[in-house]
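entry.txt follows (compact mmCIF, C-alpha atoms and all ligand atoms):
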```
# COMPACT_ATOMS: atom_id res chain seq x y z
CA MET M 110 -10.86 1.84 -0.83
CA ASP M 111 -14.62 1.75 -0.39
CA PHE M 112 -15.21 -0.56 -3.37
CA ARG M 113 -16.43 -4.14 -3.23
CA SER M 114 -13.78 -6.62 -4.35
CA PRO M 115 -14.07 -8.41 -7.74
CA PRO M 116 -17.11 -10.76 -7.82
CA GLU M 117 -14.90 -13.87 -8.15
CA VAL M 118 -13.14 -12.89 -4.93
CA ILE M 119 -16.42 -12.39 -3.08
CA ASP M 120 -17.80 -15.71 -4.42
CA ALA M 121 -14.68 -17.54 -3.26
CA ALA M 122 -14.95 -15.96 0.20
CA ILE M 123 -18.60 -17.05 0.46
CA ALA M 124 -17.81 -20.61 -0.69
CA ALA M 125 -14.93 -20.87 1.79
CA SER M 126 -17.14 -19.57 4.60
CA GLU M 127 -19.81 -22.14 3.79
CA PHE M 128 -17.19 -24.89 3.78
CA GLY M 129 -16.52 -23.64 7.28
CA ASN M 130 -13.06 -24.99 8.06
CA PHE M 131 -10.84 -22.10 9.10
CA GLY M 132 -7.59 -23.92 9.79
CA TYR M 133 -4.03 -23.05 8.81
CA SER M 134 -2.71 -23.20 5.28
CA LYS M 135 0.48 -23.04 3.26
CA CYS M 136 0.73 -21.16 -0.03
CA PRO M 137 -1.23 -23.06 -2.72
CA PRO M 138 1.02 -23.71 -5.78
CA PRO M 139 -1.49 -22.10 -8.22
CA LEU M 140 -0.95 -18.78 -6.42
CA VAL M 141 2.78 -18.93 -7.10
CA ASP M 142 2.05 -19.75 -10.76
CA ILE M 143 -0.25 -16.78 -11.19
CA VAL M 144 2.15 -14.39 -9.42
CA ILE M 145 4.89 -15.43 -11.84
CA GLU M 146 2.67 -15.36 -14.96
CA ARG M 147 1.22 -12.00 -14.07
CA SER M 148 4.53 -10.40 -13.26
CA ARG M 149 5.93 -11.51 -16.61
CA ALA M 150 2.83 -10.40 -18.53
CA LEU M 151 2.28 -7.03 -16.84
CA TYR M 152 5.79 -5.95 -15.95
CA GLY M 153 8.18 -8.08 -18.02
CA TRP M 154 9.75 -9.23 -14.77
CA ASP M 155 10.73 -12.87 -14.30
CA ILE M 156 10.35 -14.04 -10.71
CA ASP M 157 12.09 -17.22 -9.59
CA PRO M 158 9.56 -19.10 -7.39
CA ARG M 159 12.34 -19.81 -4.86
CA SER M 160 12.74 -16.09 -4.24
CA ILE M 161 9.17 -15.58 -2.94
CA VAL M 162 8.54 -15.23 0.80
CA TRP M 163 4.90 -14.93 1.98
CA LEU M 164 3.88 -12.47 4.67
CA PRO M 165 0.64 -11.38 6.35
CA GLY M 166 1.25 -7.68 5.62
CA MET M 167 3.49 -5.00 4.19
CA VAL M 168 4.01 -2.93 7.31
CA CYS M 169 5.39 -5.99 9.06
CA ALA M 170 7.57 -6.59 5.97
CA LEU M 171 9.07 -3.09 6.25
CA ASN M 172 9.92 -3.84 9.87
CA VAL M 173 11.29 -7.29 9.01
CA CYS M 174 13.64 -5.65 6.47
CA CYS M 175 15.05 -3.40 9.20
CA ARG M 176 15.28 -6.32 11.64
CA ALA M 177 17.02 -8.54 9.06
CA LEU M 178 19.68 -5.93 8.32
CA ALA M 179 19.99 -4.30 11.74
CA GLN M 180 23.40 -5.81 12.44
CA GLU M 181 25.18 -4.68 9.30
CA CYS M 182 23.29 -1.48 8.69
CA SER M 183 23.97 1.76 10.53
CA GLN M 184 21.30 3.93 8.95
CA VAL M 185 18.10 3.65 6.95
CA PHE M 186 17.35 6.17 4.21
CA THR M 187 13.93 7.10 2.92
CA GLN M 188 12.40 9.91 0.90
CA THR M 189 9.89 12.27 2.49
CA PRO M 190 7.00 12.78 2.46
CA ILE M 191 6.42 9.07 3.06
CA TYR M 192 3.84 6.56 4.30
CA PRO M 193 4.38 6.77 8.10
CA PRO M 194 5.60 3.18 8.84
CA PHE M 195 8.72 3.94 6.75
CA LEU M 196 9.59 6.56 9.35
CA SER M 197 8.90 4.42 12.41
CA ALA M 198 10.36 1.05 11.31
CA PRO M 199 14.10 1.92 11.68
CA GLY M 200 13.62 3.19 15.26
CA ASN M 201 11.95 -0.10 16.22
CA PHE M 202 15.39 -1.70 15.77
CA ASP M 203 17.47 1.21 17.12
CA LEU M 204 18.52 2.20 13.61
CA ILE M 205 18.97 5.82 12.59
CA SER M 206 16.37 7.04 10.11
CA ARG M 207 17.69 9.49 7.49
CA GLU M 208 15.01 11.42 5.68
CA ILE M 209 15.71 12.84 2.23
CA PRO M 210 13.13 15.34 1.01
CA MET M 211 11.90 14.58 -2.51
CA ARG M 212 12.57 17.17 -5.17
CA LEU M 213 9.60 18.98 -6.70
CA GLU M 214 10.28 19.27 -10.42
CA GLY M 215 7.50 21.34 -11.95
CA HIS M 216 4.39 19.60 -10.69
CA ARG M 217 5.98 16.25 -9.90
CA PHE M 218 7.92 14.94 -6.90
CA THR M 219 10.93 12.79 -7.70
CA PHE M 220 14.39 11.70 -6.51
CA ASP M 221 16.67 14.54 -5.47
CA PHE M 222 19.79 13.08 -7.05
CA ASP M 223 21.99 16.02 -6.01
CA VAL M 224 21.28 15.18 -2.37
CA ILE M 225 21.15 11.39 -2.78
CA GLU M 226 24.43 11.11 -4.66
CA SER M 227 26.26 13.19 -2.05
CA LEU M 228 24.96 11.20 0.97
CA ASN M 229 27.42 9.75 3.41
CA THR M 230 26.64 6.03 3.29
CA SER M 231 28.33 2.83 4.43
CA PRO M 232 28.12 -0.52 2.64
CA GLY M 233 25.22 -2.49 4.11
CA ASP M 234 23.03 0.53 4.83
CA LEU M 235 19.40 0.22 3.82
CA PHE M 236 17.32 2.42 1.53
CA MET M 237 13.54 2.04 1.78
CA LEU M 238 11.82 3.12 -1.43
CA CYS M 239 8.11 3.48 -2.03
CA HIS M 240 7.48 2.78 -5.71
CA PRO M 241 4.94 4.00 -6.84
CA HIS M 242 5.12 6.57 -4.10
CA ASN M 243 2.63 7.01 -1.27
CA PRO M 244 1.67 9.85 -0.68
CA VAL M 245 2.85 11.87 -3.70
CA GLY M 246 1.70 9.41 -6.38
CA THR M 247 4.90 9.38 -8.45
CA ALA M 248 5.41 6.43 -10.82
CA PHE M 249 9.19 6.57 -11.20
CA THR M 250 10.43 6.34 -14.79
CA LYS M 251 12.88 3.75 -16.04
CA LYS M 252 15.52 6.45 -16.50
CA GLU M 253 15.13 7.60 -12.87
CA LEU M 254 15.22 4.01 -11.62
CA ILE M 255 18.39 3.22 -13.59
CA ARG M 256 20.22 6.19 -12.09
CA PHE M 257 19.00 5.34 -8.59
CA SER M 258 19.86 1.63 -8.98
CA ASN M 259 23.37 2.46 -10.18
CA TRP M 260 23.90 4.51 -7.05
CA ILE M 261 22.57 1.71 -4.77
CA VAL M 262 24.91 -0.81 -6.43
CA GLU M 263 27.91 1.51 -6.43
CA LYS M 264 27.49 2.27 -2.71
CA LYS M 265 26.77 -1.42 -1.89
CA LEU M 266 23.52 -0.56 -0.12
CA TYR M 267 20.52 -2.79 0.38
CA LEU M 268 17.21 -1.72 -1.07
CA CYS M 269 13.70 -2.45 0.16
CA SER M 270 11.24 -1.47 -2.56
CA ASP M 271 7.60 -1.34 -1.45
CA GLU M 272 5.66 -1.82 -4.70
CA ILE M 273 2.22 -2.41 -3.16
CA HIS M 274 0.69 0.27 -5.43
CA CYS M 275 2.24 -1.09 -8.65
CA ASP M 276 -1.08 -2.23 -10.16
CA LEU M 277 -2.57 1.24 -9.73
CA ILE M 278 -0.85 3.27 -12.46
CA LEU M 279 -3.29 6.00 -13.50
CA ASP M 280 -1.35 7.89 -16.18
CA LEU M 281 -1.92 6.25 -19.54
CA ASP M 282 1.63 6.93 -20.68
CA ALA M 283 3.27 5.70 -17.45
CA ARG M 284 4.06 2.12 -16.54
CA HIS M 285 5.41 0.28 -13.56
CA HIS M 286 8.99 -0.96 -13.74
CA PRO M 287 9.80 -3.31 -10.83
CA ILE M 288 13.13 -1.94 -9.68
CA ALA M 289 14.58 -5.45 -9.34
CA SER M 290 14.08 -5.83 -13.11
CA ILE M 291 16.50 -2.95 -13.79
CA SER M 292 19.67 -5.06 -13.39
CA PRO M 293 20.82 -8.36 -11.82
CA GLU M 294 23.28 -6.37 -9.69
CA LEU M 295 20.44 -4.35 -8.21
CA ALA M 296 18.19 -7.42 -7.87
CA SER M 297 20.81 -9.14 -5.72
CA ARG M 298 20.68 -6.25 -3.22
CA CYS M 299 16.91 -5.86 -3.29
CA ILE M 300 13.86 -6.96 -1.32
CA THR M 301 10.74 -6.19 -3.38
CA LEU M 302 7.41 -6.11 -1.55
CA MET M 303 4.15 -6.69 -3.42
CA ALA M 304 0.57 -7.64 -2.60
CA PRO M 305 -2.90 -7.87 -4.17
CA SER M 306 -4.31 -6.11 -1.10
CA LYS M 307 -4.48 -2.46 -2.24
CA THR M 308 -5.43 -3.25 -5.82
CA PHE M 309 -8.32 -5.60 -5.10
CA ASN M 310 -9.34 -4.22 -1.70
CA ILE M 311 -8.54 -7.32 0.35
CA PRO M 312 -6.00 -5.98 2.91
CA GLY M 313 -8.11 -7.32 5.79
CA PHE M 314 -7.15 -10.87 4.78
CA GLY M 315 -3.42 -10.10 4.97
CA CYS M 316 -1.58 -11.77 2.11
CA SER M 317 1.60 -10.16 0.77
CA PHE M 318 4.92 -11.36 -0.52
CA ALA M 319 8.55 -10.39 -0.71
CA VAL M 320 10.71 -11.25 -3.72
CA ILE M 321 14.33 -11.72 -2.68
CA PRO M 322 16.49 -13.25 -5.45
CA ASP M 323 19.73 -13.39 -3.44
CA PRO M 324 19.76 -16.55 -1.25
CA GLN M 325 21.85 -14.95 1.51
CA LEU M 326 19.68 -11.88 1.77
CA ARG M 327 16.59 -14.11 1.66
CA GLY M 328 18.06 -16.19 4.49
CA LYS M 329 18.50 -13.08 6.62
CA PHE M 330 14.95 -11.97 5.90
CA LYS M 331 13.51 -15.40 6.75
CA LYS M 332 15.50 -15.53 9.97
CA ALA M 333 14.09 -12.15 10.98
CA LEU M 334 10.56 -13.53 10.45
CA GLN M 335 11.08 -16.66 12.49
CA GLY M 336 8.85 -17.20 15.50
CA ILE M 337 7.32 -13.75 15.16
CA VAL M 338 5.58 -13.37 11.81
CA PRO M 339 3.01 -16.03 10.84
CA ASP M 340 2.09 -17.17 7.34
CA PRO M 341 -0.87 -15.42 5.72
CA PRO M 342 -4.25 -16.90 6.67
CA ALA M 343 -5.85 -19.53 4.40
CA MET M 344 -8.49 -17.03 3.28
CA GLY M 345 -5.75 -14.54 2.37
CA PHE M 346 -4.00 -17.06 0.10
CA LEU M 347 -7.29 -18.09 -1.48
CA LEU M 348 -8.52 -14.57 -2.20
CA ALA M 349 -5.10 -13.46 -3.46
CA GLU M 350 -5.18 -16.21 -6.03
CA LYS M 351 -8.74 -15.42 -7.16
CA ALA M 352 -7.97 -11.70 -7.35
CA TYR M 353 -4.85 -12.17 -9.46
CA ARG M 354 -6.41 -14.85 -11.67
CA TYR M 355 -9.81 -13.28 -12.37
CA GLY M 356 -9.54 -9.65 -11.29
CA GLU M 357 -8.06 -8.08 -14.44
CA PRO M 358 -11.33 -6.78 -16.01
CA TRP M 359 -12.35 -5.42 -12.60
CA ARG M 360 -8.94 -3.71 -12.23
CA MET M 361 -9.30 -2.06 -15.65
CA GLU M 362 -12.71 -0.67 -14.62
CA LEU M 363 -11.25 0.45 -11.30
CA LEU M 364 -8.46 2.39 -13.03
CA THR M 365 -10.96 4.17 -15.28
CA TYR M 366 -13.06 5.08 -12.24
CA LEU M 367 -10.06 6.27 -10.24
CA ARG M 368 -8.77 8.37 -13.15
CA ARG M 369 -12.10 10.17 -13.24
CA ASN M 370 -11.93 10.72 -9.46
CA ARG M 371 -8.38 11.96 -9.72
CA ASP M 372 -9.22 14.46 -12.48
CA LEU M 373 -12.32 15.66 -10.66
CA ALA M 374 -10.47 16.17 -7.37
CA PHE M 375 -7.43 17.75 -9.01
CA ASN M 376 -9.53 20.25 -10.99
CA LYS M 377 -11.79 21.19 -8.08
CA ILE M 378 -8.94 21.57 -5.57
CA SER M 379 -6.90 23.62 -8.07
CA ASP M 380 -9.77 26.14 -7.98
CA MET M 381 -9.81 26.35 -4.18
CA PRO M 382 -7.87 29.22 -2.63
CA TRP M 383 -4.55 28.47 -0.88
CA LEU M 384 -4.45 24.78 -1.84
CA ARG M 385 -2.00 23.28 -4.34
CA PRO M 386 -2.88 19.72 -5.38
CA PHE M 387 -0.43 17.35 -7.12
CA LYS M 388 -1.91 15.04 -9.72
CA PRO M 389 -0.97 11.44 -8.85
CA GLU M 390 0.47 9.37 -11.70
CA ALA M 391 -0.35 6.28 -9.63
CA THR M 392 -2.18 5.21 -6.42
CA TYR M 393 -5.62 6.39 -5.29
CA LEU M 394 -4.13 9.13 -3.13
CA LEU M 395 -3.90 12.82 -3.85
CA TRP M 396 -1.29 14.95 -2.09
CA MET M 397 -1.76 18.67 -1.61
CA ASP M 398 0.15 21.61 -0.18
CA ALA M 399 -2.04 23.45 2.36
CA ARG M 400 0.69 25.52 3.96
CA LYS M 401 -0.82 28.78 2.65
CA LEU M 402 -4.20 28.07 4.22
CA PRO M 403 -4.67 30.79 6.89
CA THR M 404 -5.04 28.37 9.80
CA ASP M 405 -2.57 26.70 12.17
CA ASN M 406 -3.91 23.24 11.59
CA PRO M 407 -5.32 22.53 8.09
CA HIS M 408 -6.09 18.91 9.00
CA HIS M 409 -8.20 19.95 11.97
CA HIS M 410 -9.88 22.73 10.00
CA PHE M 411 -11.11 20.34 7.28
CA GLU M 412 -12.17 17.79 9.88
CA GLN M 413 -14.30 20.49 11.51
CA HIS M 414 -16.01 20.83 8.13
CA GLY M 415 -16.66 17.10 7.81
CA VAL M 416 -13.73 15.94 5.67
CA GLY M 417 -11.21 13.45 7.03
CA LEU M 418 -7.91 14.00 5.22
CA SER M 419 -4.61 12.44 6.28
CA ASP M 420 -2.34 14.89 8.07
CA GLY M 421 0.96 15.57 6.27
CA LYS M 422 2.82 15.80 9.59
CA ASP M 423 2.53 12.00 9.94
CA PHE M 424 4.30 11.70 6.57
CA GLY M 425 7.13 14.04 7.61
CA ALA M 426 5.53 17.03 5.84
CA PRO M 427 3.54 19.32 8.16
CA GLY M 428 1.08 21.60 6.37
CA TYR M 429 0.34 19.06 3.63
CA LEU M 430 -2.72 16.86 3.34
CA ARG M 431 -3.60 13.59 1.60
CA LEU M 432 -6.99 12.82 0.11
CA ASN M 433 -8.11 9.21 -0.50
CA LEU M 434 -9.81 8.90 -3.91
CA GLY M 435 -10.88 5.27 -3.46
CA CYS M 436 -14.56 6.07 -3.04
CA THR M 437 -17.66 6.73 -5.16
CA HIS M 438 -17.83 9.84 -7.37
CA LYS M 439 -20.79 10.89 -5.22
CA LEU M 440 -18.89 10.71 -1.93
CA LEU M 441 -15.87 12.41 -3.46
CA SER M 442 -18.03 15.24 -4.84
CA GLU M 443 -19.53 15.74 -1.38
CA ALA M 444 -16.05 15.82 0.20
CA LEU M 445 -14.88 18.37 -2.39
CA LEU M 446 -17.90 20.54 -1.74
CA ARG M 447 -17.20 20.46 2.00
CA MET M 448 -13.56 21.36 1.32
CA LYS M 449 -14.65 24.34 -0.76
CA ILE M 450 -16.94 25.50 2.05
CA ALA M 451 -14.09 25.01 4.56
CA CYS M 452 -11.85 27.27 2.43
CA GLN M 453 -14.59 29.88 2.03
CA ALA M 454 -14.99 29.94 5.82
CA LEU M 455 -11.43 31.31 6.07
CA SER M 456 -11.84 34.18 3.60
C1 LIG Y 501 3.15 2.05 0.59
C2 LIG Y 501 2.34 1.19 1.51
N1 LIG Y 501 2.92 0.15 2.11
C3 LIG Y 501 2.23 -0.65 2.95
C4 LIG Y 501 0.89 -0.41 3.22
C5 LIG Y 501 0.14 -1.28 4.19
O1 LIG Y 501 0.21 -2.59 3.90
P1 LIG Y 501 -0.40 -3.72 4.88
O2 LIG Y 501 -1.81 -3.35 5.12
O3 LIG Y 501 -0.25 -4.96 4.10
O4 LIG Y 501 0.43 -3.70 6.12
C6 LIG Y 501 0.26 0.67 2.63
C7 LIG Y 501 -1.14 0.96 2.94
O5 LIG Y 501 -1.64 2.03 2.73
C8 LIG Y 501 1.00 1.48 1.74
O6 LIG Y 501 0.43 2.52 1.13
```
Represent the structure of the file as structure tokens.
Amino acid sequence: MDFRSPPEVIDAAIAASEFGNFGYSKCPPPLVDIVIERSRALYGWDIDPRSIVWLPGMVCALNVCCRALAQECSQVFTQTPIYPPFLSAPGNFDLISREIPMRLEGHRFTFDFDVIESLNTSPGDLFMLCHPHNPVGTAFTKKELIRFSNWIVEKKLYLCSDEIHCDLILDLDARHHPIASISPELASRCITLMAPSKTFNIPGFGCSFAVIPDPQLRGKFKKALQGIVPDPPAMGFLLAEKAYRYGEPWRMELLTYLRRNRDLAFNKISDMPWLRPFKPEATYLLWMDARKLPTDNPHHHFEQHGVGLSDGKDFGAPGYLRLNLGCTHKLLSEALLRMKIACQALS
């Protein structure tokens, strides 16, 4: 996002810089306390402090999941379109990546249970879920998560659930349900990934965490980290704590601002020829179908007109585009105007 972080986060960064000691750090206990308090208050999910493993980033966590399970897992499932590191992580450990296209139900992408429930799986295989989903913006419902969890448990699969966007639910009638809160059986097969980085715009200070209730699975994950993945930096721990402790009013304002951006972009793009936008229920990302645009390369065409969209082909969906809404209304309006002009140039 383009936004400045909450003022308490910026103040803490300034104070730490003035202190001027940039050595190593371990996780400060107040951060664990606030993670637990917040998870209970916002999501009704009780986290055991022993189940938390700190990491400097989520992409490395996706790779660590594959590394940790590489010996017992023969294939890694994920739903497309998907944030690109989900597609590349399995191959980094010589695992087969199986892509399951999401089902479009009306205007909303969701699980394709007909396909999922008929998959050929082996116990120990891994499913990597993005929840809420980047790029399509789906906030999966409890009913959907229960059905999916039952299938994971029945097939004895492992689940890695990337919930980095969980604090960014835009729809007023939607809420985030951590999938590990669905049942103890699912929790014992699950690695949940969370971070304050997307929500409070502090990804540059790398501080994320995995929640792994099962001691054996946690042991495998920690072994896969050893000697390769460092702890988060001291500034990352510090700013994570400040963001979680003081950032709630800022987050509420952010959600209001993003909702307005989402509605503006959705309405304007709906009026543009050939484009079909999908309204995100969560995240600050808007996915659109540009396959009808009369050009070979929609991504390149918009770039030529001064708008940098993400190319759907990187997400396993050529012909689609992703717009980032984490910017000022003014910048977004300018981008939308340029998109309209880019469409007109093709008619
Ligand atoms: C679903 C998802 N996971 C992970 C990341 C990246 O996390 P990190 O910067 O901590 O590696 C992103 C960033 O866009 C994301 O959308």
Enumerate, in order of chain and increasing residue number, the residues of chain M with an atom no farther than 8 Å from ligand LIG 501 (chain Y), each with its shortest atom pair and distance in Å to one decimal, counting all atoms listed in the file, as a Markdown table.
```
| residue | atom | partner | partner_atom | distance |
| --- | --- | --- | --- | --- |
| M:Pro165 | CA | Y:LIG501 | O3 | 6.9 |
| M:Gly166 | CA | Y:LIG501 | O3 | 3.5 |
| M:Met167 | CA | Y:LIG501 | O3 | 3.7 |
| M:Val168 | CA | Y:LIG501 | O4 | 3.9 |
| M:Cys169 | CA | Y:LIG501 | O4 | 6.2 |
| M:Ala170 | CA | Y:LIG501 | O4 | 7.7 |
| M:Leu171 | CA | Y:LIG501 | C3 | 8.0 |
| M:Tyr192 | CA | Y:LIG501 | C1 | 5.9 |
| M:Pro194 | CA | Y:LIG501 | C3 | 7.8 |
| M:Cys239 | CA | Y:LIG501 | C1 | 5.8 |
| M:His240 | CA | Y:LIG501 | C1 | 7.7 |
| M:Pro241 | CA | Y:LIG501 | C1 | 7.9 |
| M:His242 | CA | Y:LIG501 | C1 | 6.8 |
| M:Asn243 | CA | Y:LIG501 | C1 | 5.3 |
| M:Pro244 | CA | Y:LIG501 | O6 | 7.7 |
| M:Asp271 | CA | Y:LIG501 | C1 | 6.0 |
| M:Glu272 | CA | Y:LIG501 | C1 | 7.0 |
| M:Ile273 | CA | Y:LIG501 | C2 | 5.9 |
| M:His274 | CA | Y:LIG501 | C1 | 6.7 |
| M:Ala304 | CA | Y:LIG501 | O3 | 7.3 |
| M:Ser306 | CA | Y:LIG501 | O3 | 6.7 |
| M:Lys307 | CA | Y:LIG501 | C7 | 7.0 |
| M:Pro312 | CA | Y:LIG501 | O2 | 5.4 |
| M:Gly313 | CA | Y:LIG501 | O2 | 7.5 |
| M:Gly315 | CA | Y:LIG501 | O3 | 6.1 |
| M:Cys316 | CA | Y:LIG501 | O3 | 7.2 |
| M:Ser317 | CA | Y:LIG501 | O3 | 6.4 |
```
**Request:** Would you be able to write out as a list in words which residues have an atom within 8 Å of (19.5, -5.0, -3.3) in the file's coordinates, counting all atoms listed in the file?
**Result:**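 Neighbouring residues, ordered by chain and number, come to Ile261, Val262, Leu266, Tyr267, Leu268, Cys269, Ala289, Glu294, Leu295, Ala296, Ser297, Arg298, Cys299 and Ile300 of chain M.
Coordinates place CA of Phe346 in chain M at a distance of 7.4 Å from CA of Leu140 in chain M.
From CA of Thr301 in chain M back to CA of Glu117 in chain M, the distance works out to 27.2 Å.
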**Asked** Can you list, as number ranges by chain, every protein, DNA or RNA residue that comes within 9 Å of Trp383 in chain M when you count all atoms listed in the file, leaving out same-chain residues fewer than 5 positions away?
**Response** M: 398-403, 452
**Message:** Would you compute the distance between CA of Ser126 in chain M and CA of Arg360 in chain M? Give it in Å to one decimal.
**Reply:** 24.5 Å
Excluding same-chain residues fewer than 2 positions from Gly132 in chain M, what lies within 12 Å of it counting all atoms listed in the file, as an mmCIF file with C-alpha atoms, in the coordinates of the input?
```cif
data_model
loop_
_atom_site.group_PDB
_atom_site.id
_atom_site.type_symbol
_atom_site.label_atom_id
_atom_site.label_comp_id
_atom_site.auth_asym_id
_atom_site.auth_seq_id
_atom_site.Cartn_x
_atom_site.Cartn_y
_atom_site.Cartn_z
ATOM 1 C CA ALA M 125 -14.930 -20.870 1.790
ATOM 2 C CA SER M 126 -17.140 -19.570 4.600
ATOM 3 C CA PHE M 128 -17.190 -24.890 3.780
ATOM 4 C CA GLY M 129 -16.520 -23.640 7.280
ATOM 5 C CA ASN M 130 -13.060 -24.990 8.060
ATOM 6 C CA SER M 134 -2.710 -23.200 5.280
ATOM 7 C CA LYS M 135 0.480 -23.040 3.260
ATOM 8 C CA PRO M 341 -0.870 -15.420 5.720
ATOM 9 C CA PRO M 342 -4.250 -16.900 6.670
ATOM 10 C CA ALA M 343 -5.850 -19.530 4.400
ATOM 11 C CA MET M 344 -8.490 -17.030 3.280
#
```
**Request:** Skip range 202-217 of chain M itself and residues of its chain fewer than 2 positions away, then list as a PyMOL selection string all residues within 8 Å of it, counting only C-alpha atoms.
**Result:** chain M and resi 175-176+179+182-190+196+198-200+219-221+224-225+247+387-388
**Message:** as a count of residues only, please: the residues near range 354-359 of chain M (cut-off 9 Å, only C-alpha atoms, same-chain neighbours under 5 positions excluded).
**Reply:** 12
**Exercise: Leu418 in chain M partners within 8 Å, only C-alpha atoms, chain neighbours under 6 positions left out, as a list in words** = His408, Phe411, Glu412, Leu430, Arg431, Leu432 and Asn433 of chain M
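For the set M:Glu226, M:Gln180, M:Thr437, M:Trp396, the residue with the smallest atom-to-atom gap to Phe424 in chain M is M:Trp396, counting all atoms listed in the file.
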**Prompt:** From the list M:Ala122, M:Phe249, M:Tyr353, M:Gln413, which residue is nearest Ala454 in chain M when using only C-alpha atoms?
**Reply:**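 Closest to Ala454 in chain M, using only C-alpha atoms: M:Gln413.
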